$ cat run16.csv   # CSV, C-alpha atoms
chain,number,residue,atom,x,y,z
A,1,MET,CA,28.7,-58.6,-74.4
A,2,THR,CA,31.1,-61.0,-72.6
A,3,GLU,CA,33.1,-63.3,-74.9
A,4,ILE,CA,32.5,-67.1,-74.5
A,5,PRO,CA,35.7,-69.0,-73.5
A,6,ASP,CA,37.3,-71.4,-76.1
A,7,HIS,CA,37.0,-74.5,-74.0
A,8,LEU,CA,33.2,-73.9,-73.7
A,9,LEU,CA,32.9,-73.5,-77.5
A,10,ARG,CA,34.9,-76.7,-78.1
A,11,ARG,CA,32.9,-78.7,-75.7
A,12,SER,CA,29.7,-77.4,-77.3
A,13,ARG,CA,30.9,-78.5,-80.8
A,14,GLU,CA,31.8,-82.0,-79.5
A,15,ARG,CA,28.4,-82.4,-78.0
A,16,ARG,CA,26.7,-81.3,-81.2
A,17,ALA,CA,28.8,-83.7,-83.2
A,18,ALA,CA,27.9,-86.5,-80.9
A,19,LEU,CA,24.3,-85.8,-81.3
A,20,GLY,CA,24.6,-85.4,-85.1
A,21,GLN,CA,23.5,-81.8,-85.2
A,22,GLY,CA,26.5,-80.4,-87.1
A,23,ASP,CA,29.9,-80.8,-88.3
A,24,GLY,CA,31.4,-79.7,-85.1
A,25,GLU,CA,32.2,-76.3,-86.6
A,26,GLY,CA,30.6,-73.5,-85.0
A,27,GLY,CA,27.9,-72.1,-87.3
A,28,PRO,CA,26.4,-68.8,-87.3
A,29,GLY,CA,23.6,-70.0,-85.1
A,30,GLU,CA,25.9,-71.7,-82.6
A,31,ALA,CA,26.5,-68.8,-80.6
A,32,SER,CA,22.9,-68.0,-80.5
A,33,SER,CA,22.0,-71.5,-79.2
A,34,LEU,CA,24.1,-71.0,-76.2
A,35,PRO,CA,22.6,-69.3,-73.3
A,36,ALA,CA,23.9,-65.9,-73.0
A,37,THR,CA,26.0,-65.2,-70.0
A,38,THR,CA,25.8,-62.1,-68.1
A,39,GLY,CA,28.5,-60.2,-66.3
A,40,PRO,CA,29.3,-60.5,-62.7
A,41,THR,CA,27.0,-57.6,-62.0
A,42,SER,CA,23.6,-57.9,-63.6
A,43,ALA,CA,21.0,-55.2,-63.7
A,44,PRO,CA,18.2,-55.4,-61.1
A,45,ALA,CA,15.1,-57.2,-62.2
A,46,ALA,CA,12.6,-55.1,-64.1
A,47,ALA,CA,9.9,-56.7,-62.1
A,48,ALA,CA,11.2,-55.4,-58.8
A,49,ALA,CA,8.6,-53.6,-56.9
A,50,PRO,CA,8.9,-49.8,-57.1
A,51,ALA,CA,9.9,-47.9,-54.0
A,52,ALA,CA,7.1,-47.3,-51.6
A,53,ALA,CA,5.9,-43.7,-51.6
A,54,PRO,CA,6.4,-41.8,-48.3
A,55,VAL,CA,3.4,-41.8,-46.1
A,56,GLN,CA,2.0,-38.3,-45.6
A,57,ALA,CA,1.1,-37.3,-42.0
A,58,ALA,CA,-2.5,-36.6,-41.4
A,59,PRO,CA,-3.2,-32.9,-41.0
A,60,ARG,CA,-3.6,-31.6,-37.5
A,61,VAL,CA,-7.1,-30.6,-36.5
A,62,ALA,CA,-7.2,-27.5,-34.3
A,63,ALA,CA,-8.9,-28.1,-31.0
A,64,VAL,CA,-12.1,-26.1,-30.7
A,65,ALA,CA,-12.9,-24.9,-27.2
A,66,GLU,CA,-16.4,-25.8,-26.1
A,67,PRO,CA,-18.5,-22.8,-25.2
A,68,ARG,CA,-19.1,-22.3,-21.5
A,69,PRO,CA,-22.6,-22.7,-20.4
A,70,GLU,CA,-24.1,-19.3,-19.6
A,71,ALA,CA,-25.7,-18.7,-16.2
A,72,PRO,CA,-29.4,-18.7,-16.3
A,73,PRO,CA,-30.8,-15.2,-16.2
A,74,ILE,CA,-32.2,-14.1,-12.8
A,75,PRO,CA,-35.9,-13.8,-13.0
A,76,PRO,CA,-37.2,-10.3,-12.4
A,77,GLY,CA,-38.4,-9.5,-9.0
A,78,LYS,CA,-36.0,-11.9,-7.2
A,79,ALA,CA,-33.2,-10.5,-5.0
A,80,LYS,CA,-29.6,-11.4,-5.9
A,81,ILE,CA,-28.6,-11.5,-2.2
A,82,PRO,CA,-30.0,-14.5,-0.2
A,83,LEU,CA,-32.6,-13.5,2.3
A,84,PHE,CA,-30.8,-15.0,5.2
A,85,ALA,CA,-27.8,-12.7,4.6
A,86,LEU,CA,-29.8,-9.5,4.7
A,87,PRO,CA,-29.8,-9.1,8.5
A,88,VAL,CA,-26.1,-9.6,8.6
A,89,ILE,CA,-25.5,-6.9,6.0
A,90,LEU,CA,-27.7,-4.5,7.8
A,91,VAL,CA,-26.0,-5.1,11.1
A,92,LEU,CA,-22.4,-4.8,9.7
A,93,PRO,CA,-22.3,-0.9,9.6
A,94,LEU,CA,-23.5,-0.6,13.1
A,95,PHE,CA,-20.9,-3.2,14.3
A,96,ALA,CA,-18.2,-1.3,12.5
A,97,PHE,CA,-19.3,2.0,14.0
A,98,PHE,CA,-19.3,0.7,17.6
A,99,TYR,CA,-16.1,-1.2,17.0
A,100,ALA,CA,-14.2,1.8,15.8
A,101,HIS,CA,-15.4,4.1,18.6
A,102,GLY,CA,-14.8,1.4,21.2
A,103,PHE,CA,-11.0,1.9,20.9
A,104,GLN,CA,-11.0,5.7,21.0
A,105,THR,CA,-10.0,7.4,24.2
A,106,PRO,CA,-13.0,9.2,25.6
A,107,PRO,CA,-12.5,12.9,25.6
A,108,LYS,CA,-11.5,14.4,28.9
A,109,GLU,CA,-14.2,16.3,30.6
A,110,VAL,CA,-13.4,20.0,31.0
A,111,PRO,CA,-15.0,21.8,33.9
A,112,THR,CA,-17.5,24.4,32.7
A,113,ASP,CA,-17.3,26.5,35.9
A,114,PRO,CA,-14.4,28.9,35.5
A,115,LEU,CA,-13.6,28.7,39.3
A,116,VAL,CA,-13.4,24.9,39.2
A,117,LEU,CA,-11.3,25.1,36.0
A,118,GLY,CA,-9.1,27.8,37.6
A,119,ALA,CA,-8.5,25.6,40.7
A,120,GLU,CA,-7.5,22.7,38.6
A,121,VAL,CA,-5.1,24.8,36.5
A,122,TYR,CA,-3.6,26.4,39.7
A,123,ARG,CA,-2.8,22.9,41.0
A,124,THR,CA,-1.6,21.3,37.7
A,125,ALA,CA,0.2,24.1,36.0
A,126,GLY,CA,2.8,24.7,38.8
A,127,CYS,CA,1.2,27.8,40.4
A,128,SER,CA,0.8,26.1,43.8
A,129,GLY,CA,4.4,25.0,43.8
A,130,CYS,CA,5.6,28.6,43.9
A,131,HIS,CA,2.8,30.5,45.5
A,132,GLY,CA,1.6,27.8,47.9
A,133,ALA,CA,-1.4,25.5,47.8
A,134,ASN,CA,-3.6,28.2,49.2
A,135,GLY,CA,-1.7,31.3,47.9
A,136,GLU,CA,0.2,31.7,51.1
A,137,GLY,CA,3.4,32.3,49.2
A,138,GLY,CA,6.7,30.5,48.8
A,139,VAL,CA,9.2,31.1,46.1
A,140,GLY,CA,6.6,33.5,44.6
A,141,PRO,CA,4.8,36.3,46.4
A,142,VAL,CA,1.6,35.9,48.5
A,143,LEU,CA,-1.6,35.8,46.5
A,144,HIS,CA,-4.3,35.1,49.2
A,145,GLN,CA,-6.3,37.6,51.2
A,146,GLY,CA,-6.7,39.9,48.2
A,147,GLU,CA,-2.9,40.4,47.6
A,148,ALA,CA,-3.3,39.4,43.9
A,149,VAL,CA,-5.9,42.2,43.4
A,150,LYS,CA,-3.7,44.7,45.2
A,151,THR,CA,-0.8,44.0,42.9
A,152,PHE,CA,-3.0,43.9,39.7
A,153,PRO,CA,-6.0,46.1,40.2
A,154,THR,CA,-7.3,45.3,36.7
A,155,VAL,CA,-8.0,41.8,35.3
A,156,ALA,CA,-6.3,42.6,32.0
A,157,ASP,CA,-3.0,43.4,33.8
A,158,HIS,CA,-3.2,40.2,35.8
A,159,ILE,CA,-3.8,38.1,32.7
A,160,ALA,CA,-0.9,39.8,30.8
A,161,TRP,CA,1.4,39.0,33.7
A,162,VAL,CA,0.4,35.3,33.7
A,163,LYS,CA,0.9,35.1,29.9
A,164,THR,CA,4.3,36.9,29.7
A,165,GLY,CA,5.8,35.8,33.0
A,166,SER,CA,8.3,37.9,34.9
A,167,ALA,CA,11.1,37.8,32.4
A,168,PRO,CA,10.2,41.2,30.7
A,169,PHE,CA,10.4,42.8,34.1
A,170,GLN,CA,13.5,41.2,35.4
A,171,GLY,CA,15.4,43.5,37.8
A,172,GLN,CA,12.4,45.9,37.9
A,173,LYS,CA,9.5,46.4,40.3
A,174,TYR,CA,6.1,45.4,39.0
A,175,GLY,CA,2.4,45.8,39.8
A,176,ASP,CA,0.4,48.8,40.8
A,177,PRO,CA,2.6,51.7,41.9
A,178,ASN,CA,-0.1,52.8,44.3
A,179,ARG,CA,-0.3,49.5,46.0
A,180,PRO,CA,-0.3,49.7,49.8
A,181,GLY,CA,3.2,48.7,50.8
A,182,GLY,CA,4.6,49.6,47.4
A,183,GLN,CA,5.2,47.5,44.3
A,184,HIS,CA,6.5,44.0,44.3
A,185,GLY,CA,10.0,43.4,43.1
A,186,PRO,CA,12.4,43.6,41.7
A,187,ALA,CA,11.3,40.7,39.5
A,188,THR,CA,13.8,37.8,39.2
A,189,GLY,CA,12.4,36.5,36.0
A,190,ALA,CA,11.7,33.1,37.6
A,191,MET,CA,8.0,33.1,36.8
A,192,PRO,CA,7.5,31.3,33.4
A,193,ALA,CA,5.3,32.6,30.6
A,194,PHE,CA,2.1,30.5,30.3
A,195,ALA,CA,0.9,31.9,26.9
A,196,GLY,CA,2.2,28.8,25.1
A,197,GLN,CA,1.2,26.3,27.8
A,198,LEU,CA,-2.3,27.3,28.7
A,199,SER,CA,-5.3,28.4,26.5
A,200,ASP,CA,-6.9,31.8,26.9
A,201,ALA,CA,-9.8,30.2,28.8
A,202,GLN,CA,-7.4,28.5,31.2
A,203,VAL,CA,-5.5,31.7,31.9
A,204,ALA,CA,-8.7,33.6,32.5
A,205,ALA,CA,-10.0,30.9,34.8
A,206,VAL,CA,-6.8,30.7,36.9
A,207,VAL,CA,-6.7,34.5,37.2
A,208,GLN,CA,-10.3,34.6,38.4
A,209,TYR,CA,-9.5,31.8,40.9
A,210,GLU,CA,-6.5,33.7,42.3
A,211,ARG,CA,-8.5,36.9,42.6
A,212,GLU,CA,-11.8,35.5,44.1
A,213,LYS,CA,-10.9,32.2,45.9
A,214,LEU,CA,-7.4,32.6,47.4

$ encode --input "run16.csv" --output "structure tokens"
Amino acid sequence: MTEIPDHLLRRSRERRAALGQGDGEGGPGEASSLPATTGPTSAPAAAAAPAAAPVQAAPRVAAVAEPRPEAPPIPPGKAKIPLFALPVILVLPLFAFFYAHGFQTPPKEVPTDPLVLGAEVYRTAGCSGCHGANGEGGVGPVLHQGEAVKTFPTVADHIAWVKTGSAPFQGQKYGDPNRPGGQHGPATGAMPAFAGQLSDAQVAAVVQYEREKL
């Protein structure tokens, strides 16, 4: 407890003496009659309100997804495809078929007559360039008026000659040794082999054309 200064005690005794309450001496109860003084730092009042309790956050509530409405069931006996779309669906395969085939190159017509096919091969394969348009001869020997048959009496020998060309007989005479006027030759090897260029049917057709039409 803080001590009371002397000048305050003296002033208190003088006041009490003036009022006739004592002899001016400080009695045992004098100190108790004076108000007690507190230090420069007094304790906080007991009646002070307690500290506010922290406010707790409300718990989060998880969002619940609403169920999607289910599609109503299709009654039995009713088609899932609209009726107006059925003709279109039926026509689509036909349209796709004609559309795909419309861009294809039509197959080239091949003559069925061997003589017609042989004439075409004779013109397009280069035979006419060497033996003449009508087999009259040129770079190659004459074929018309039966000369091809005289050189190759059998069809098989003629076909073999067209397929292999003259290279295997280069420097040699070729054809039937009993041919009137003798064999042709010697071969120069200039005639190409047509086995890799013409089909068997084309070779047979051009041989028939040379033997029968030239």

$ residues_near_point --input "run16.csv" --point "(11.3, 36.9, 34.4)" --cutoff "9 Å" --atoms "all atoms listed in the file" --output "PyMOL selection string"
chain A and resi 164-171+187-193

$ write_last_selection --input "run16.csv" --atoms "C-alpha atoms" --output "PDB file, in the frame of the given file"
ATOM      1  CA  THR A 164       4.300  36.900  29.700  1.00  0.00           C
ATOM      2  CA  GLY A 165       5.800  35.800  33.000  1.00  0.00           C
ATOM      3  CA  SER A 166       8.300  37.900  34.900  1.00  0.00           C
ATOM      4  CA  ALA A 167      11.100  37.800  32.400  1.00  0.00           C
ATOM      5  CA  PRO A 168      10.200  41.200  30.700  1.00  0.00           C
ATOM      6  CA  PHE A 169      10.400  42.800  34.100  1.00  0.00           C
ATOM      7  CA  GLN A 170      13.500  41.200  35.400  1.00  0.00           C
ATOM      8  CA  GLY A 171      15.400  43.500  37.800  1.00  0.00           C
ATOM      9  CA  ALA A 187      11.300  40.700  39.500  1.00  0.00           C
ATOM     10  CA  THR A 188      13.800  37.800  39.200  1.00  0.00           C
ATOM     11  CA  GLY A 189      12.400  36.500  36.000  1.00  0.00           C
ATOM     12  CA  ALA A 190      11.700  33.100  37.600  1.00  0.00           C
ATOM     13  CA  MET A 191       8.000  33.100  36.800  1.00  0.00           C
ATOM     14  CA  PRO A 192       7.500  31.300  33.400  1.00  0.00           C
ATOM     15  CA  ALA A 193       5.300  32.600  30.600  1.00  0.00           C
TER      16      ALA A 193
END

$ residues_near_point --input "run16.csv" --point "(-4.6, 48.6, 44.9)" --cutoff "8 Å" --atoms "all atoms listed in the file" --output "ChimeraX atom specification"
/A:149-153,176,178-180

$ write_last_selection --input "run16.csv" --atoms "C-alpha atoms" --output "PDB file, keeping the file's coordinate frame"
ATOM      1  CA  VAL A 149      -5.900  42.200  43.400  1.00  0.00           C
ATOM      2  CA  LYS A 150      -3.700  44.700  45.200  1.00  0.00           C
ATOM      3  CA  THR A 151      -0.800  44.000  42.900  1.00  0.00           C
ATOM      4  CA  PHE A 152      -3.000  43.900  39.700  1.00  0.00           C
ATOM      5  CA  PRO A 153      -6.000  46.100  40.200  1.00  0.00           C
ATOM      6  CA  ASP A 176       0.400  48.800  40.800  1.00  0.00           C
ATOM      7  CA  ASN A 178      -0.100  52.800  44.300  1.00  0.00           C
ATOM      8  CA  ARG A 179      -0.300  49.500  46.000  1.00  0.00           C
ATOM      9  CA  PRO A 180      -0.300  49.700  49.800  1.00  0.00           C
TER      10      PRO A 180
END

$ closest_residue --input "run16.csv" --among "A:Pro114, A:Gly20, A:Gly140, A:Gly135" --to "Val203 in chain A" --atoms "all atoms listed in the file"
A:Pro114

$ atom_distance --input "run16.csv" --atom1 "CA of Asp200 in chain A" --atom2 "CA of Thr154 in chain A"
16.7 Å

$ atom_distance --input "run16.csv" --atom1 "CA of Pro141 in chain A" --atom2 "CA of Glu210 in chain A"
12.3 Å

$ atom_distance --input "run16.csv" --atom1 "CA of Gly138 in chain A" --atom2 "CA of Leu198 in chain A"
22.3 Å

$ closest_residue --input "run16.csv" --among "A:Glu120, A:Glu212, A:Glu14, A:Glu147" --to "Gly181 in chain A" --atoms "all atoms listed in the file"
A:Glu147

$ closest_residue --input "run16.csv" --among "A:Val139, A:Val162, A:Ala125, A:Val116" --to "Tyr209 in chain A" --atoms "only C-alpha atoms"
A:Val116

$ closest_residue --input "run16.csv" --among "A:Val207, A:Ala201, A:Val142, A:Ala17" --to "Thr112 in chain A" --atoms "all atoms listed in the file"
A:Ala201

$ decode --input "run16.csv" --residues "range 128-175 of chain A" --atoms "N, CA and C atoms" --output "PDB file, in the first residue's frame"
ATOM      1  N   SER A 128       2.061 -52.188-137.478  1.00  0.00           N
ATOM      2  CA  SER A 128       1.886 -51.497-138.769  1.00  0.00           C
ATOM      3  C   SER A 128       3.046 -50.550-139.044  1.00  0.00           C
ATOM      4  N   GLY A 129       3.726 -50.067-138.016  1.00  0.00           N
ATOM      5  CA  GLY A 129       4.839 -49.145-138.228  1.00  0.00           C
ATOM      6  C   GLY A 129       6.038 -49.811-138.877  1.00  0.00           C
ATOM      7  N   CYS A 130       6.201 -51.117-138.651  1.00  0.00           N
ATOM      8  CA  CYS A 130       7.343 -51.834-139.226  1.00  0.00           C
ATOM      9  C   CYS A 130       6.957 -52.639-140.483  1.00  0.00           C
ATOM     10  N   HIS A 131       5.788 -53.237-140.454  1.00  0.00           N
ATOM     11  CA  HIS A 131       5.388 -54.133-141.543  1.00  0.00           C
ATOM     12  C   HIS A 131       4.426 -53.460-142.531  1.00  0.00           C
ATOM     13  N   GLY A 132       4.092 -52.185-142.302  1.00  0.00           N
ATOM     14  CA  GLY A 132       3.172 -51.486-143.188  1.00  0.00           C
ATOM     15  C   GLY A 132       1.739 -51.626-142.725  1.00  0.00           C
ATOM     16  N   ALA A 133       0.920 -50.644-143.083  1.00  0.00           N
ATOM     17  CA  ALA A 133      -0.478 -50.637-142.639  1.00  0.00           C
ATOM     18  C   ALA A 133      -1.228 -51.844-143.156  1.00  0.00           C
ATOM     19  N   ASN A 134      -0.875 -52.348-144.346  1.00  0.00           N
ATOM     20  CA  ASN A 134      -1.545 -53.494-144.934  1.00  0.00           C
ATOM     21  C   ASN A 134      -0.616 -54.700-145.063  1.00  0.00           C
ATOM     22  N   GLY A 135       0.481 -54.680-144.310  1.00  0.00           N
ATOM     23  CA  GLY A 135       1.416 -55.799-144.358  1.00  0.00           C
ATOM     24  C   GLY A 135       2.320 -55.787-145.569  1.00  0.00           C
ATOM     25  N   GLU A 136       2.438 -54.619-146.219  1.00  0.00           N
ATOM     26  CA  GLU A 136       3.248 -54.528-147.438  1.00  0.00           C
ATOM     27  C   GLU A 136       4.741 -54.484-147.163  1.00  0.00           C
ATOM     28  N   GLY A 137       5.103 -54.398-145.923  1.00  0.00           N
ATOM     29  CA  GLY A 137       6.509 -54.398-145.561  1.00  0.00           C
ATOM     30  C   GLY A 137       7.049 -53.005-145.367  1.00  0.00           C
ATOM     31  N   GLY A 138       8.190 -52.916-144.719  1.00  0.00           N
ATOM     32  CA  GLY A 138       8.852 -51.653-144.426  1.00  0.00           C
ATOM     33  C   GLY A 138      10.168 -51.977-143.771  1.00  0.00           C
ATOM     34  N   VAL A 139      10.321 -51.577-142.526  1.00  0.00           N
ATOM     35  CA  VAL A 139      11.495 -51.987-141.754  1.00  0.00           C
ATOM     36  C   VAL A 139      11.473 -53.499-141.572  1.00  0.00           C
ATOM     37  N   GLY A 140      10.282 -54.052-141.354  1.00  0.00           N
ATOM     38  CA  GLY A 140      10.118 -55.489-141.195  1.00  0.00           C
ATOM     39  C   GLY A 140       9.725 -56.133-142.519  1.00  0.00           C
ATOM     40  N   PRO A 141       9.744 -57.439-142.568  1.00  0.00           N
ATOM     41  CA  PRO A 141       9.427 -58.160-143.812  1.00  0.00           C
ATOM     42  C   PRO A 141       7.957 -58.052-144.189  1.00  0.00           C
ATOM     43  N   VAL A 142       7.645 -58.445-145.406  1.00  0.00           N
ATOM     44  CA  VAL A 142       6.280 -58.424-145.917  1.00  0.00           C
ATOM     45  C   VAL A 142       5.470 -59.519-145.230  1.00  0.00           C
ATOM     46  N   LEU A 143       4.196 -59.174-144.920  1.00  0.00           N
ATOM     47  CA  LEU A 143       3.313 -60.134-144.267  1.00  0.00           C
ATOM     48  C   LEU A 143       2.093 -60.465-145.128  1.00  0.00           C
ATOM     49  N   HIS A 144       1.738 -59.588-146.070  1.00  0.00           N
ATOM     50  CA  HIS A 144       0.496 -59.806-146.816  1.00  0.00           C
ATOM     51  C   HIS A 144       0.684 -60.869-147.902  1.00  0.00           C
ATOM     52  N   GLN A 145      -0.465 -61.215-148.505  1.00  0.00           N
ATOM     53  CA  GLN A 145      -0.519 -62.210-149.582  1.00  0.00           C
ATOM     54  C   GLN A 145       0.060 -63.574-149.156  1.00  0.00           C
ATOM     55  N   GLY A 146      -0.179 -63.902-147.878  1.00  0.00           N
ATOM     56  CA  GLY A 146       0.204 -65.211-147.375  1.00  0.00           C
ATOM     57  C   GLY A 146       1.655 -65.362-146.995  1.00  0.00           C
ATOM     58  N   GLU A 147       2.440 -64.268-146.985  1.00  0.00           N
ATOM     59  CA  GLU A 147       3.861 -64.376-146.651  1.00  0.00           C
ATOM     60  C   GLU A 147       4.070 -64.804-145.200  1.00  0.00           C
ATOM     61  N   ALA A 148       3.169 -64.364-144.300  1.00  0.00           N
ATOM     62  CA  ALA A 148       3.313 -64.751-142.890  1.00  0.00           C
ATOM     63  C   ALA A 148       3.137 -66.251-142.735  1.00  0.00           C
ATOM     64  N   VAL A 149       2.194 -66.831-143.501  1.00  0.00           N
ATOM     65  CA  VAL A 149       1.959 -68.270-143.397  1.00  0.00           C
ATOM     66  C   VAL A 149       3.124 -69.047-144.004  1.00  0.00           C
ATOM     67  N   LYS A 150       3.733 -68.521-145.059  1.00  0.00           N
ATOM     68  CA  LYS A 150       4.879 -69.197-145.667  1.00  0.00           C
ATOM     69  C   LYS A 150       6.066 -69.233-144.699  1.00  0.00           C
ATOM     70  N   THR A 151       6.245 -68.134-143.936  1.00  0.00           N
ATOM     71  CA  THR A 151       7.376 -68.089-143.001  1.00  0.00           C
ATOM     72  C   THR A 151       7.129 -68.985-141.797  1.00  0.00           C
ATOM     73  N   PHE A 152       5.895 -68.957-141.279  1.00  0.00           N
ATOM     74  CA  PHE A 152       5.541 -69.760-140.097  1.00  0.00           C
ATOM     75  C   PHE A 152       4.351 -70.646-140.471  1.00  0.00           C
ATOM     76  N   PRO A 153       4.608 -71.828-140.950  1.00  0.00           N
ATOM     77  CA  PRO A 153       3.518 -72.713-141.375  1.00  0.00           C
ATOM     78  C   PRO A 153       2.544 -73.060-140.254  1.00  0.00           C
ATOM     79  N   THR A 154       3.029 -73.133-139.004  1.00  0.00           N
ATOM     80  CA  THR A 154       2.145 -73.455-137.874  1.00  0.00           C
ATOM     81  C   THR A 154       1.845 -72.188-137.071  1.00  0.00           C
ATOM     82  N   VAL A 155       0.636 -72.167-136.524  1.00  0.00           N
ATOM     83  CA  VAL A 155       0.221 -71.014-135.694  1.00  0.00           C
ATOM     84  C   VAL A 155       1.101 -70.922-134.449  1.00  0.00           C
ATOM     85  N   ALA A 156       1.487 -72.049-133.867  1.00  0.00           N
ATOM     86  CA  ALA A 156       2.295 -72.048-132.638  1.00  0.00           C
ATOM     87  C   ALA A 156       3.636 -71.377-132.876  1.00  0.00           C
ATOM     88  N   ASP A 157       4.291 -71.651-134.041  1.00  0.00           N
ATOM     89  CA  ASP A 157       5.574 -71.009-134.337  1.00  0.00           C
ATOM     90  C   ASP A 157       5.402 -69.501-134.525  1.00  0.00           C
ATOM     91  N   HIS A 158       4.308 -69.110-135.143  1.00  0.00           N
ATOM     92  CA  HIS A 158       4.050 -67.678-135.352  1.00  0.00           C
ATOM     93  C   HIS A 158       3.830 -66.969-134.008  1.00  0.00           C
ATOM     94  N   ILE A 159       3.027 -67.581-133.132  1.00  0.00           N
ATOM     95  CA  ILE A 159       2.769 -66.985-131.803  1.00  0.00           C
ATOM     96  C   ILE A 159       4.070 -66.888-131.004  1.00  0.00           C
ATOM     97  N   ALA A 160       4.920 -67.931-131.066  1.00  0.00           N
ATOM     98  CA  ALA A 160       6.186 -67.905-130.327  1.00  0.00           C
ATOM     99  C   ALA A 160       7.083 -66.779-130.832  1.00  0.00           C
ATOM    100  N   TRP A 161       7.085 -66.555-132.155  1.00  0.00           N
ATOM    101  CA  TRP A 161       7.894 -65.468-132.720  1.00  0.00           C
ATOM    102  C   TRP A 161       7.426 -64.100-132.225  1.00  0.00           C
ATOM    103  N   VAL A 162       6.109 -63.885-132.176  1.00  0.00           N
ATOM    104  CA  VAL A 162       5.584 -62.592-131.705  1.00  0.00           C
ATOM    105  C   VAL A 162       5.908 -62.401-130.228  1.00  0.00           C
ATOM    106  N   LYS A 163       5.840 -63.445-129.448  1.00  0.00           N
ATOM    107  CA  LYS A 163       6.091 -63.316-128.001  1.00  0.00           C
ATOM    108  C   LYS A 163       7.565 -63.067-127.700  1.00  0.00           C
ATOM    109  N   THR A 164       8.474 -63.791-128.359  1.00  0.00           N
ATOM    110  CA  THR A 164       9.901 -63.665-128.030  1.00  0.00           C
ATOM    111  C   THR A 164      10.601 -62.555-128.803  1.00  0.00           C
ATOM    112  N   GLY A 165      10.039 -62.182-129.952  1.00  0.00           N
ATOM    113  CA  GLY A 165      10.724 -61.208-130.776  1.00  0.00           C
ATOM    114  C   GLY A 165      11.878 -61.854-131.509  1.00  0.00           C
ATOM    115  N   SER A 166      12.672 -61.032-132.200  1.00  0.00           N
ATOM    116  CA  SER A 166      13.764 -61.572-133.034  1.00  0.00           C
ATOM    117  C   SER A 166      15.103 -61.612-132.321  1.00  0.00           C
ATOM    118  N   ALA A 167      15.146 -61.138-131.071  1.00  0.00           N
ATOM    119  CA  ALA A 167      16.427 -61.100-130.361  1.00  0.00           C
ATOM    120  C   ALA A 167      17.065 -62.478-130.214  1.00  0.00           C
ATOM    121  N   PRO A 168      16.299 -63.551-129.903  1.00  0.00           N
ATOM    122  CA  PRO A 168      16.952 -64.868-129.773  1.00  0.00           C
ATOM    123  C   PRO A 168      17.550 -65.377-131.088  1.00  0.00           C
ATOM    124  N   PHE A 169      17.137 -64.810-132.218  1.00  0.00           N
ATOM    125  CA  PHE A 169      17.622 -65.292-133.518  1.00  0.00           C
ATOM    126  C   PHE A 169      18.524 -64.261-134.206  1.00  0.00           C
ATOM    127  N   GLN A 170      19.016 -63.315-133.431  1.00  0.00           N
ATOM    128  CA  GLN A 170      19.825 -62.256-134.032  1.00  0.00           C
ATOM    129  C   GLN A 170      21.058 -62.863-134.739  1.00  0.00           C
ATOM    130  N   GLY A 171      21.230 -62.438-136.004  1.00  0.00           N
ATOM    131  CA  GLY A 171      22.336 -62.953-136.806  1.00  0.00           C
ATOM    132  C   GLY A 171      22.043 -64.277-137.474  1.00  0.00           C
ATOM    133  N   GLN A 172      20.848 -64.845-137.254  1.00  0.00           N
ATOM    134  CA  GLN A 172      20.503 -66.137-137.824  1.00  0.00           C
ATOM    135  C   GLN A 172      19.290 -65.985-138.763  1.00  0.00           C
ATOM    136  N   LYS A 173      19.134 -66.938-139.608  1.00  0.00           N
ATOM    137  CA  LYS A 173      17.936 -66.988-140.424  1.00  0.00           C
ATOM    138  C   LYS A 173      16.822 -67.628-139.617  1.00  0.00           C
ATOM    139  N   TYR A 174      15.594 -67.302-139.962  1.00  0.00           N
ATOM    140  CA  TYR A 174      14.470 -67.795-139.164  1.00  0.00           C
ATOM    141  C   TYR A 174      13.340 -68.184-140.106  1.00  0.00           C
ATOM    142  N   GLY A 175      12.355 -68.898-139.554  1.00  0.00           N
ATOM    143  CA  GLY A 175      11.202 -69.339-140.319  1.00  0.00           C
ATOM    144  C   GLY A 175      11.391 -70.739-140.890  1.00  0.00           C
TER     145      GLY A 175
END
